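File shown: data_24.cif. Contents: mmCIF, C-alpha atoms and all ligand atoms.
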```cif
data_model
loop_
_atom_site.label_atom_id
_atom_site.label_comp_id
_atom_site.auth_asym_id
_atom_site.auth_seq_id
_atom_site.Cartn_x
_atom_site.Cartn_y
_atom_site.Cartn_z
CA MET U 155 1.77 1.25 16.99
CA ARG U 156 5.48 0.86 16.49
CA THR U 157 7.61 3.99 16.03
CA ILE U 158 11.13 3.81 14.60
CA MET U 159 13.34 6.82 13.84
CA VAL U 160 16.45 6.74 11.68
CA LEU U 161 18.75 9.37 13.14
CA ASN U 162 22.30 10.61 12.88
CA ALA U 163 23.57 14.18 13.14
CA LYS U 164 25.89 13.55 10.18
CA GLY U 165 24.60 14.14 6.65
CA GLY U 166 24.80 11.39 4.08
CA SER U 167 25.14 8.50 6.53
CA GLY U 168 22.21 6.55 5.07
CA LYS U 169 19.21 7.73 7.08
CA THR U 170 16.87 8.04 4.10
CA THR U 171 18.14 4.77 2.62
CA LEU U 172 17.38 2.95 5.87
CA ALA U 173 14.03 4.68 6.43
CA THR U 174 12.70 3.95 2.95
CA ASN U 175 13.91 0.34 3.06
CA LEU U 176 12.33 -0.21 6.47
CA ALA U 177 9.06 1.34 5.31
CA SER U 178 8.89 -0.84 2.20
CA TYR U 179 9.91 -3.93 4.19
CA TYR U 180 6.98 -3.55 6.59
CA ALA U 181 4.59 -2.53 3.80
CA ALA U 182 5.52 -5.73 1.94
CA GLN U 183 4.54 -7.61 5.13
CA SER U 184 1.03 -6.14 4.68
CA LYS U 185 1.53 -3.71 7.58
CA SER U 186 -0.03 -0.27 7.52
CA VAL U 187 3.00 2.05 7.27
CA VAL U 188 3.49 5.80 7.61
CA LEU U 189 6.78 7.24 6.38
CA ALA U 190 7.28 10.51 8.25
CA ASP U 191 9.89 12.75 6.66
CA PHE U 192 11.27 15.24 9.21
CA ASP U 193 13.83 16.55 6.73
CA PRO U 194 12.78 19.51 4.56
CA GLN U 195 15.01 18.08 1.80
CA ALA U 196 12.07 15.63 1.45
CA SER U 197 14.20 12.77 0.15
CA SER U 198 11.92 10.12 1.64
CA LEU U 199 8.82 11.75 0.19
CA ASN U 200 10.53 12.02 -3.21
CA TRP U 201 11.30 8.30 -3.02
CA LEU U 202 7.62 7.72 -2.30
CA LYS U 203 6.62 9.76 -5.36
CA ALA U 204 8.61 7.37 -7.55
CA ARG U 205 6.92 4.34 -5.96
CA PRO U 206 4.81 2.34 -8.46
CA GLU U 207 1.10 2.23 -7.67
CA ASP U 208 0.95 -1.55 -7.74
CA ARG U 209 3.36 -1.84 -4.79
CA PRO U 210 2.16 -2.13 -1.17
CA PRO U 211 1.10 1.38 -0.16
CA ILE U 212 3.02 3.63 2.23
CA GLN U 213 1.55 6.88 3.51
CA GLY U 214 3.97 9.81 3.40
CA VAL U 215 3.83 12.70 5.87
CA ALA U 216 5.78 15.97 5.55
CA ALA U 217 6.54 15.94 9.27
CA TRP U 218 8.97 18.89 9.09
CA ASP U 219 6.03 21.05 8.10
CA GLU U 220 2.99 19.75 9.96
CA PRO U 221 2.34 18.05 13.30
CA LEU U 222 2.73 14.30 13.05
CA ARG U 223 -0.76 12.85 13.41
CA VAL U 224 -1.32 9.27 12.36
CA SER U 225 -4.41 7.13 12.42
CA ARG U 226 -4.81 4.57 15.19
CA THR U 227 -4.80 1.77 12.67
CA THR U 228 -1.19 2.50 11.68
CA ASP U 229 1.13 -0.40 12.48
CA TYR U 230 4.50 1.28 11.83
CA VAL U 231 5.65 4.89 11.77
CA ILE U 232 9.09 5.09 10.17
CA MET U 233 10.74 8.47 10.66
CA ASP U 234 13.49 9.92 8.52
CA ALA U 235 15.30 12.52 10.62
CA PRO U 236 17.26 15.49 9.30
CA SER U 237 20.98 15.79 9.94
CA GLY U 238 22.38 18.41 12.29
CA ARG U 239 19.78 18.19 15.03
CA HIS U 240 21.14 18.98 18.47
CA GLY U 241 19.99 20.45 21.76
CA LYS U 242 16.32 21.26 22.24
CA ARG U 243 15.42 20.44 18.66
CA LEU U 244 16.90 16.98 19.14
CA ILE U 245 14.92 16.51 22.35
CA ALA U 246 11.73 17.50 20.54
CA LEU U 247 12.46 15.07 17.71
CA MET U 248 13.28 12.14 19.97
CA ARG U 249 9.96 12.37 21.76
CA TYR U 250 8.22 10.89 18.77
CA THR U 251 9.93 7.55 18.86
CA GLN U 252 10.33 4.31 20.79
CA THR U 253 13.41 3.25 18.85
CA ILE U 254 16.33 4.99 17.16
CA VAL U 255 18.40 3.33 14.46
CA MET U 256 21.67 5.11 13.72
CA PRO U 257 23.61 4.42 10.53
CA VAL U 258 27.31 5.23 10.74
CA LEU U 259 29.77 5.39 7.84
CA PRO U 260 33.16 3.71 8.28
CA SER U 261 35.33 6.83 8.24
CA PRO U 262 37.20 7.90 11.40
CA LEU U 263 35.51 11.31 11.23
CA ASP U 264 32.03 9.80 11.02
CA ILE U 265 32.78 7.39 13.84
CA ARG U 266 34.06 10.18 16.06
CA ALA U 267 31.01 12.34 15.32
CA ALA U 268 28.70 9.38 15.98
CA THR U 269 30.23 8.62 19.36
CA SER U 270 29.66 12.17 20.63
CA PHE U 271 26.15 12.18 19.15
CA ILE U 272 25.34 8.93 20.96
CA GLN U 273 26.42 10.56 24.22
CA GLU U 274 24.14 13.49 23.48
CA ILE U 275 21.23 11.13 22.81
CA GLN U 276 21.86 9.29 26.05
CA GLN U 277 21.96 12.59 27.87
CA VAL U 278 18.54 13.50 26.46
CA GLY U 279 17.23 10.24 27.90
CA LYS U 280 18.50 11.25 31.34
CA THR U 281 17.17 14.82 31.39
CA SER U 282 14.25 14.97 33.78
CA THR U 283 10.77 15.62 32.45
CA ARG U 284 10.36 18.48 34.91
CA ASN U 285 13.39 20.30 33.51
CA ILE U 286 11.93 20.21 30.04
CA LEU U 287 8.34 20.98 30.96
CA ASP U 288 9.43 24.19 32.66
CA THR U 289 10.90 25.61 29.45
CA PRO U 290 9.01 27.36 26.62
CA LEU U 291 9.62 24.25 24.50
CA GLY U 292 8.05 22.21 27.28
CA ALA U 293 4.90 24.33 27.08
CA ILE U 294 4.63 23.57 23.38
CA LEU U 295 5.25 19.86 23.96
CA LYS U 296 2.61 19.86 26.71
CA ARG U 297 0.08 21.34 24.28
CA LEU U 298 0.99 18.73 21.69
CA PHE U 299 1.13 15.67 23.90
CA GLY U 300 -0.87 16.61 27.02
CA SER U 301 0.31 16.02 30.55
CA GLY U 302 0.82 12.33 29.83
CA MET U 303 3.77 13.15 27.61
CA PRO U 304 6.35 10.43 28.16
CA MET U 305 10.06 11.05 28.63
CA SER U 306 12.23 9.99 25.76
CA LYS U 307 13.34 6.50 26.70
CA ALA U 308 13.99 5.60 23.10
CA ARG U 309 16.23 2.57 22.64
CA LEU U 310 19.18 3.07 20.34
CA GLY U 311 20.91 0.62 18.01
CA VAL U 312 23.78 1.33 15.62
CA ILE U 313 24.51 -0.08 12.19
CA ALA U 314 27.59 0.31 10.02
CA ASN U 315 26.62 1.47 6.54
CA ARG U 316 28.39 1.50 3.16
CA VAL U 317 31.11 -0.84 4.31
CA ARG U 318 33.39 -1.83 1.42
CA GLU U 319 35.37 -4.64 2.95
CA ASN U 320 36.02 -6.09 6.36
CA THR U 321 37.48 -3.05 7.93
CA LEU U 322 39.17 -2.45 11.25
CA ALA U 323 37.91 1.12 11.26
CA TYR U 324 35.06 0.13 13.57
CA ASP U 325 37.20 -1.15 16.41
CA SER U 326 36.96 2.11 18.34
CA LEU U 327 33.21 2.28 17.68
CA TYR U 328 32.65 -1.29 18.93
CA GLU U 329 34.54 -0.54 22.12
CA PHE U 330 32.66 2.67 22.69
CA LEU U 331 29.24 1.07 22.07
CA ASP U 332 30.12 -1.79 24.35
CA HIS U 333 31.05 0.67 27.08
CA LEU U 334 27.75 2.55 26.66
CA LYS U 335 25.73 -0.67 26.31
CA VAL U 336 24.44 0.33 22.88
CA PRO U 337 23.93 -2.66 20.55
CA PHE U 338 25.83 -2.84 17.29
CA LEU U 339 23.21 -4.42 15.07
CA THR U 340 24.67 -5.15 11.65
CA THR U 341 26.92 -4.10 8.82
CA LEU U 342 25.47 -3.11 5.44
CA ARG U 343 27.79 -3.23 2.47
CA ASP U 344 28.19 -0.50 -0.12
CA THR U 345 26.22 -1.63 -3.14
CA GLN U 346 24.41 -0.21 -6.14
CA ASN U 347 21.41 -2.32 -5.12
CA TYR U 348 20.32 0.46 -2.75
CA ILE U 349 20.68 3.05 -5.45
CA HIS U 350 18.81 1.00 -8.08
CA ALA U 351 15.98 0.30 -5.65
CA ALA U 352 15.74 3.95 -4.58
CA GLU U 353 15.52 5.20 -8.16
CA ARG U 354 12.37 3.11 -8.65
CA GLY U 355 10.71 3.95 -5.33
CA LEU U 356 11.37 0.44 -4.10
CA GLY U 357 13.17 -1.22 -1.22
CA LEU U 358 15.80 -3.89 -1.28
CA PHE U 359 13.24 -6.53 -0.33
CA GLU U 360 11.25 -5.77 -3.47
CA LEU U 361 14.08 -6.51 -5.92
CA ALA U 362 14.78 -9.94 -7.39
CA PRO U 363 15.79 -12.14 -4.41
CA SER U 364 18.76 -13.62 -6.28
CA GLN U 365 20.14 -10.10 -6.81
CA VAL U 366 19.86 -8.98 -3.19
CA ALA U 367 20.27 -12.22 -1.20
CA TYR U 368 23.53 -11.07 0.40
CA ASP U 369 22.04 -7.70 1.36
CA THR U 370 18.74 -8.98 2.74
CA GLU U 371 20.80 -11.39 4.86
CA GLN U 372 22.66 -8.40 6.30
CA TRP U 373 19.32 -6.83 7.28
CA GLN U 374 18.18 -9.81 9.35
CA PRO U 375 19.86 -8.84 12.68
CA LEU U 376 18.35 -5.33 12.41
CA ILE U 377 14.86 -6.69 11.72
CA LYS U 378 15.16 -9.26 14.47
CA TRP U 379 16.15 -6.53 16.94
CA LEU U 380 13.30 -4.25 15.80
CA ASN U 381 10.84 -7.12 16.24
CA SER U 382 12.09 -7.87 19.75
CA LYS U 383 11.41 -6.19 23.09
CA ARG U 384 15.08 -5.22 23.22
CA SER U 385 14.36 -2.30 20.91
CA LEU U 386 11.41 -1.02 22.97
CA PRO U 387 11.60 1.44 25.87
CA GLN U 388 11.84 -0.42 29.19
N1 LIG C 401 24.72 0.83 1.68
C1 LIG C 401 24.78 1.72 0.66
N2 LIG C 401 25.35 1.37 -0.51
C2 LIG C 401 25.45 2.25 -1.52
N3 LIG C 401 24.99 3.49 -1.49
C3 LIG C 401 24.40 3.91 -0.35
C4 LIG C 401 24.24 3.04 0.79
N4 LIG C 401 23.62 3.74 1.76
C5 LIG C 401 23.38 4.97 1.26
N5 LIG C 401 23.85 5.09 0.01
C6 LIG C 401 23.84 6.28 -0.87
O1 LIG C 401 24.51 7.32 -0.15
C7 LIG C 401 23.88 8.56 -0.36
C8 LIG C 401 23.46 9.14 0.98
O2 LIG C 401 22.50 8.26 1.56
P1 LIG C 401 21.18 8.84 2.24
O3 LIG C 401 20.53 9.87 1.39
O4 LIG C 401 20.36 7.66 2.64
O5 LIG C 401 21.81 9.53 3.53
P2 LIG C 401 21.12 10.55 4.54
O6 LIG C 401 21.74 10.29 5.87
O7 LIG C 401 19.64 10.44 4.46
O8 LIG C 401 21.59 11.96 3.96
P3 LIG C 401 21.04 13.41 4.39
O9 LIG C 401 21.73 13.73 5.69
O10 LIG C 401 21.44 14.29 3.26
O11 LIG C 401 19.55 13.30 4.58
C9 LIG C 401 22.69 8.29 -1.28
O12 LIG C 401 23.10 8.57 -2.60
C10 LIG C 401 22.44 6.80 -1.12
O13 LIG C 401 21.90 6.22 -2.27
MG MG C 402 18.18 11.91 4.16
#
```

Please re-express this file's structure in C-alpha cells.
Ligand SMILES: Nc1ncnc2c1ncn2[C@@H]1O[C@H](COP(=O)(O)OP(=O)(O)OP(=O)(O)O)[C@@H](O)[C@H]1O
Ligand SMILES: [Mg+2]
Amino acid sequence: MRTIMVLNAKGGSGKTTLATNLASYYAAQSKSVVLADFDPQASSLNWLKARPEDRPPIQGVAAWDEPLRVSRTTDYVIMDAPSGRHGKRLIALMRYTQTIVMPVLPSPLDIRAATSFIQEIQQVGKTSTRNILDTPLGAILKRLFGSGMPMSKARLGVIANRVRENTLAYDSLYEFLDHLKVPFLTTLRDTQNYIHAAERGLGLFELAPSQVAYDTEQWQPLIKWLNSKRSLPQ
C-alpha cells in the first residue's frame, strides 16, 4: 500500500487540489484509491461528492473525525492535510505517511513560511521514537499502531504551485531545498483547468487531453518521483 500526504502549514497553497488530482490520477489507472481528508473543512470529500458515478471510484474517509482504517486491498491512500498543523499534532499526522508532497505558492511570504515548515518536518523525522512513546500522545499512538509503530521517515518533495510566469521568486527556495537535500519536483502553472475540473469532481487527467496537455506534462516529474523508490522511506 502506498501512502502519500499533501501537506503545508499554509492555507490555500493547493493541498486539496493536489490531493484530489493525485487520487483521480491513480483511480484512472485502475488502482484502488482511498482519499483521506484530515481537514474538517472537508474540501476533498466535497469534491468527491461532485464526482460523477461513471468515473473510476475513489473511497473517501473523514480522517479528521475517525481513525484511518483502510482495507488491505487498497493500492493508494492519498491524504489531504489541514493547514496550521505544528508540534505534536504534526508528528501524529506524519506517522500515517511514507511520502509528503508540499505545494508552495510563489510569494515571498509563502516561501519563507515553507522553509521553516520544512525544517520542522525534518526535525520530526529526527526525534527519537523513545521520546515520543514516553509522552501521553505516545501512549495513544502505541494503542493505535502497536509496538511496531514506525518512526516518521517520510520522504518530502516540494512543488511550486500557481506559478504565473517564469519567476525568480523561487531562487531562495531552490537554494534552501538544495541545502536540505529536499527535491524540488515540478512547477504547476496557475490555470482555470484545475478549477473547472474540481467543480465537476474530476481531475486534470480526466479532462480533454488537448485542453490539459501542458498541465499534465507539468505533472510528469511529480508522478515519476512518486513511482520511484526516491519517494519512499529509506
Ligand atoms: N494551479 C492552480 N491554478 C489555479 N487555481 C488553483 C491552482 N491550485 C489551486 N488553485 C485554487 O486555489 C484555491 C486554494 O487551493 P486549495 O483549496 O487546493 O488549497 P488548500 O491548501 O487545500 O487550502 P486550505 O488550506 O484551505 O485547505 C482553490 O480555489 C483552488 O481551486
Ligand atoms: Mg484544502

For this session: Neighbourhood query: residues within 12 Å of (3.8, -3.9, -9.1), file coordinates, counting all atoms listed in the file; return as a list in words.
Result: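 These residues have at least one counted atom within 12 Å: Ala182, Arg205, Pro206, Glu207, Asp208, Arg209, Pro210, Pro211, Arg354, Gly355, Leu356, Glu360 and Leu361 of chain U.
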
Per residue of range 162-201 of chain U within 8 Å of range 254-273 of chain U, record the nearest atom pair and its distance in Å to one decimal, counting all atoms listed in the file, with rows in chain order and ascending residue number, as CSV.
```
residue,atom,partner,partner_atom,distance
U:Asn162,CA,U:Met256,CA,5.6
U:Ala163,CA,U:Phe271,CA,6.8
U:Lys164,CA,U:Asp264,CA,7.2
U:Ser167,CA,U:Leu259,CA,5.7
U:Gly168,CA,U:Pro257,CA,6.0
U:Lys169,CA,U:Pro257,CA,6.5
U:Leu172,CA,U:Pro257,CA,7.9
```

Filtering to C-alpha atoms, could you give me those residues as a short mmCIF file (atom, residue, chain, number, x, y, z; two decimals), in the coordinates of the input?
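Writing done, so here's part_35.cif:
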```
data_model
loop_
_atom_site.label_atom_id
_atom_site.label_comp_id
_atom_site.auth_asym_id
_atom_site.auth_seq_id
_atom_site.Cartn_x
_atom_site.Cartn_y
_atom_site.Cartn_z
CA ASN U 162 22.30 10.61 12.88
CA ALA U 163 23.57 14.18 13.14
CA LYS U 164 25.89 13.55 10.18
CA SER U 167 25.14 8.50 6.53
CA GLY U 168 22.21 6.55 5.07
CA LYS U 169 19.21 7.73 7.08
CA LEU U 172 17.38 2.95 5.87
#
```

For the interface of chain U with ligand MG 402 (chain C) (cut-off 8 Å, counting all atoms listed in the file), please tabulate each contacting residue of chain U alongside its nearest pair of atoms and their separation in Å to one decimal, rows sorted by chain and increasing number, as a Markdown table.
```
| residue | atom | partner | partner_atom | distance |
| --- | --- | --- | --- | --- |
| U:Gly165 | CA | C:MG402 | MG | 7.2 |
| U:Gly166 | CA | C:MG402 | MG | 6.6 |
| U:Gly168 | CA | C:MG402 | MG | 6.8 |
| U:Lys169 | CA | C:MG402 | MG | 5.2 |
| U:Thr170 | CA | C:MG402 | MG | 4.1 |
| U:Thr171 | CA | C:MG402 | MG | 7.3 |
| U:Asp193 | CA | C:MG402 | MG | 6.9 |
| U:Gln195 | CA | C:MG402 | MG | 7.3 |
| U:Ala196 | CA | C:MG402 | MG | 7.6 |
| U:Ser197 | CA | C:MG402 | MG | 5.7 |
| U:Ser198 | CA | C:MG402 | MG | 7.0 |
| U:Asp234 | CA | C:MG402 | MG | 6.7 |
| U:Ala235 | CA | C:MG402 | MG | 7.1 |
| U:Pro236 | CA | C:MG402 | MG | 6.3 |
| U:Ser237 | CA | C:MG402 | MG | 7.5 |
```

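All polymer residues at most 6 Å from (28.3, 1.4, 3.8), using all atoms listed in the file, appear as Leu259, Asn315, Arg316, Val317, Leu342, Arg343 and Asp344 of chain U.
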
Problem set entry | Nearest-residue call for Ala367 in chain U, choices U:Ser385, U:Leu222, U:Thr227, U:Asn347, using only C-alpha atoms |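 The shortest atom-to-atom distance to Ala367 in chain U comes from U:Asn347.
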
For this session: Quote the spacing between CA of Gln183 in chain U and CA of Ala352 in chain U in Å to one decimal place.
Result: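 Separation between CA of Gln183 in chain U and CA of Ala352 in chain U: 18.8 Å.
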
Problem set entry | Counting all atoms listed in the file, the option among U:Glu274, U:Asp369, U:Glu220, U:Asp229 closest to ligand LIG 401 (chain C) | U:Asp369
